[in-house]
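Here's the structure we're looking at; comments come further down.
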Amino acid sequence: MPETRTDVAVEAAAKAFHETCREKRQYTWAQSSEEWRRDLRALVRPMVEAALAASDAYVAAALPKPKE
C-alpha cells in the first residue's frame with residue numbers, strides 16, 4: 001500500500017523529533033519500540049497536517065490565477 005504525503009511527512013517529523021530530543025544514552029529511532037514510535041507519530045500528526053494545509057494554501061495563493 002503506497003504511503004500518502006502526510007504519512008511520509010509524519011514519519012519524518014516523528015523521527016526528527018525523537019533524534020533531536022533524545023539524550024545520548026537513549027535508543028535511536030531504529031532501536032525504539034514500535035509502541036514508542038506509534039506514540040510519537042500520533043503526537044506530531046496534527047502539527048504535520050496543519051503545516052501541510054498551510055503550505056498548500058500558501059502555494060495555491062502564489063499560483064497565477066487563470067484569465068477568463
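Naming scheme: A, B, ... for chains in displayed order of the C-alpha cells; residues 1 onward per chain; ligands 1 onward as shown.
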Practice task
With a distance cut-off of 9 Å and only C-alpha atoms, select the neighbouring residues of range 47-62 of chain A, excluding the residue or stretch itself and same-chain residues fewer than 2 positions from it, and output the selection as an MDAnalysis selection string.
Solution key: chainID A and resid 6 9:10 13 43:45 64:65
Handout entry: Residue set, chain A restricted to helix (DSSP H, G or I), as a PyMOL selection string
Key = chain A and resi 5-21+34-62
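For range 27-35 of chain A, the list of residues within 12 Å, based on only C-alpha atoms and with local chain neighbours fewer than 2 positions off taken out, reads Glu11, Ala12, Ala13, Ala14, Lys15, Ala16, Phe17, His18, Glu19, Thr20, Cys21, Arg22, Glu23, Lys24, Arg25, Arg37, Arg38, Asp39, Leu40, Arg41 and Ala42 of chain A.
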